[in-house]
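Report on the following structure.
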Amino acid sequence: MKNAPLQKSFLTLTHPPDGHYIHCHQVHGNNIWVVTPGNQELSSDTNADGILLYFKDWGLDWDQAQDKELRGLPPLCIKTADCLPVLVLGRKGAAVVHAGWKGIQGKILLNPVLNTIDPYYFCIGPAIQRCCYQVGPEFKNAPLANTFSAYSVVDATSLFLDLPASAKGQILNSYPHAQVTISHVCTYCSKSPVLHSYRRACHTPSTSSTPEEQKQRNYNLYYF
């Protein structure tokens with residue numbers, strides 16, 4: 001099965017893309033919106049943290065979805081500033097998901113709708129990495145410890161969370177035969193590329209960080 005062409009089109013931009021793209025109003029929940037040609041214009045008004053489409057709804061089958069000449073679908077977009085952007089590819093469709101610690105705790109990556117596209121590949125894009133993701137003592141106790149204890153590292157008196165690894169573990173527990181790739185680009189400390197980071201903006205001295213900078217987001221787009 002020709003998987004490779006569909007795995008090379010997940011891009012992260014620091015500005016809105018040109019042209020039409022499908023997005024949603026993200027609320028750090030676990031809802032995934034199924035988008036169709038008939039409801040795609042509702043994207044700005046739809047509260048969700050994932051967008052999923054079925055190839056059949058857009059008049060495509062699997063082989064056509066693999067054919068670059070037949071791709072006419074608008075890109076799917078998830079906005080992040082430190083959270084995980086996750087691309088999910090299946091034999092019946094594709095999805096993009098926004099997953100921070102609240103989303104992982106809420107099991108958005110285990111949302112049953114993802115299973116309906118027969119997923120085989122997950123790509124976790126640029127996000128804050130363990131090196132920079134210090135969390136509070138509440139992550140040592142239930143219920144958060146039940147989800148994250150295996151992915152938390154204590155450095156002296158501080159606790160650091162490996163968010164991408166926690167997502168990968170959750171994915172493989174449900175989809176043991178799936179391929180999972182992780183970008184190790186840290187939105188907080190990476191110098192090349194430099195991406196937007198909410199935490200970095202908040203930690204920057206007030207003389208050089210503005211509320212507008214704290215609202216900047218990365219646009220993670222899946223192009224068909």
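Chain labels follow the order of the structure tokens: the first chain is A, the next B, and so on; residue numbering restarts at 1 in every chain, and ligands are counted from 1 in their shown order.
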Determine, for each residue of range 83-126 of chain A having at least one atom at most 7 Å from an atom of range 161-184 of chain A, the closest pair of atoms and their separation in Å to one decimal, counting only C-alpha atoms; order by chain and ascending number, as a tab-separated table.
```
residue	atom	partner	partner_atom	distance
A:Ile104	CA	A:Ala167	CA	6.7
A:Leu109	CA	A:Ile171	CA	6.7
A:Tyr120	CA	A:Ala178	CA	4.6
A:Tyr121	CA	A:Gln179	CA	4.8
A:Phe122	CA	A:Val180	CA	4.8
A:Cys123	CA	A:Thr181	CA	4.9
A:Ile124	CA	A:Ile182	CA	4.7
A:Gly125	CA	A:Ser183	CA	5.1
A:Pro126	CA	A:Ser183	CA	5.4
```
Spatial neighbours of range 75-91 of chain A, 7 Å, only C-alpha atoms, chain gap at least 5 places, as a PyMOL selection string: chain A and resi 21-23+62+96-100+117-128+187+196-198+217-224
- Apply DSSP to the backbone of this structure and, from range 6-224 of chain A, keep only the residues in strand (DSSP E); write these as a VMD selection string. chain A and resid 10 to 13 33 to 34 50 to 54 76 to 80 84 to 90 93 to 99 119 to 124 134 to 135 152 to 155 158 to 161 179 to 182 218 to 222
*range 130-135 of chain A environment, 9 Å, only C-alpha atoms, sequence neighbours closer than 5 positions dropped, as a PyMOL selection string*: chain A and resi 151-153+158-164+186+188-189+199
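Each of A:Cys24, A:Gly93, A:Ile32, A:Pro137 was compared to Leu60 in chain A using only C-alpha atoms, and A:Gly93 turns out to be the nearest.
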